[in-house]
Amino acid sequence: MDDDKIVELYWERSEDAIVQTSKKYSRYCHYISFNILHNNEDAEECVNDTYLRAWNAMPPRRPDCLSTFLGRITRNLSIDKYRKYSAEKRGFGETALVLEELAECVPSSQSVDQAIDEIVLVEEINRFLALLSKTDRLLFMRRYWYSSPIKEIAEAYGMSESKVKSTLFRTRNKLKLHLEKEGITI
């Protein structure tokens, strides 16, 4: 079913909206959540919570891109669950590594006091991504949005793991310089 029709079902408060969302986006949302949590049951819980959050958000909000809207909800729910587990001293390997890699060049959300600062940061990151080559942008997004393992990224793009790591390292350094140039410090 077309995304506009699915969104319209949410606005009509039709329960079929969740059914259609699940049919079209369950694998996508599960992929995002599982790469963060590394646990099928927790990932499924986050995916189901995504549908509830989408239901509660529409109306009044009408997303421009349903996949991005759902992906962001799933990612945020999964990171929240990851942080809860981290506080309980449960390890999750790849997610900790992804967050640690980005912490070197992006200020943490706890250090950003106001919502306006977060909006400026997001806009600057988006501007930065638009400056990258398509390959570098795709690698960056696969690693830092989808939390894909280096090995998986390397296989998907026909690169060696060391090439992916070095590209991501250089891209993070460029991002750090870009943000500093725009007055956003770590």
# chains A, B, ... in the order shown; residues from 1 in each chain; ligands from 1
$ closest_atom_pairs --of "stretch 56-93 of chain A" --to "stretch 21-33 of chain A" --cutoff "10 Å" --atoms "only C-alpha atoms" --output "Markdown table"
| residue | atom | partner | partner_atom | distance |
| --- | --- | --- | --- | --- |
| A:Leu66 | CA | A:Thr21 | CA | 9.2 |
| A:Ser67 | CA | A:Tyr25 | CA | 7.4 |
| A:Leu70 | CA | A:Cys29 | CA | 7.2 |
| A:Gly71 | CA | A:Cys29 | CA | 6.0 |
| A:Arg72 | CA | A:Cys29 | CA | 9.2 |
| A:Ile73 | CA | A:Cys29 | CA | 9.0 |
| A:Thr74 | CA | A:Cys29 | CA | 6.1 |
| A:Arg75 | CA | A:Ser33 | CA | 6.1 |
| A:Asn76 | CA | A:Ser33 | CA | 9.1 |
| A:Leu77 | CA | A:Ser33 | CA | 8.2 |
| A:Ser78 | CA | A:Ser33 | CA | 5.5 |
| A:Ile79 | CA | A:Ser33 | CA | 8.3 |
| A:Lys81 | CA | A:Ser33 | CA | 9.8 |
| A:Tyr82 | CA | A:Ser33 | CA | 9.8 |
$ residues_around --residues "stretch 148-151 of chain A" --least-positions-apart "6" --cutoff "7 Å" --atoms "only C-alpha atoms" --output "ChimeraX atom specification"
/A:35,94,142,161,164
$ write_last_selection --atoms "C-alpha atoms" --output "mmCIF file, in the first residue's frame"
data_model
loop_
_atom_site.group_PDB
_atom_site.id
_atom_site.type_symbol
_atom_site.label_atom_id
_atom_site.label_comp_id
_atom_site.auth_asym_id
_atom_site.auth_seq_id
_atom_site.Cartn_x
_atom_site.Cartn_y
_atom_site.Cartn_z
ATOM 1 C CA ASN A 35 21.281 -3.585 15.066
ATOM 2 C CA GLU A 94 28.280 -2.738 18.349
ATOM 3 C CA ARG A 142 24.480 2.682 7.314
ATOM 4 C CA GLU A 161 36.545 -3.686 6.281
ATOM 5 C CA VAL A 164 35.129 1.155 5.408
#
$ closest_residue --among "A:Ser147, A:Asp80, A:Leu179, A:Glu123" --to "A:Val98" --atoms "only C-alpha atoms"
A:Ser147
$ closest_residue --among "A:Asn40, A:Leu52, A:Cys46, A:Thr185" --to "A:Val19" --atoms "only C-alpha atoms"
A:Leu52
$ closest_residue --among "A:Arg13, A:Arg53, A:His38, A:Lys174" --to "A:Phe128" --atoms "only C-alpha atoms"
A:Lys174
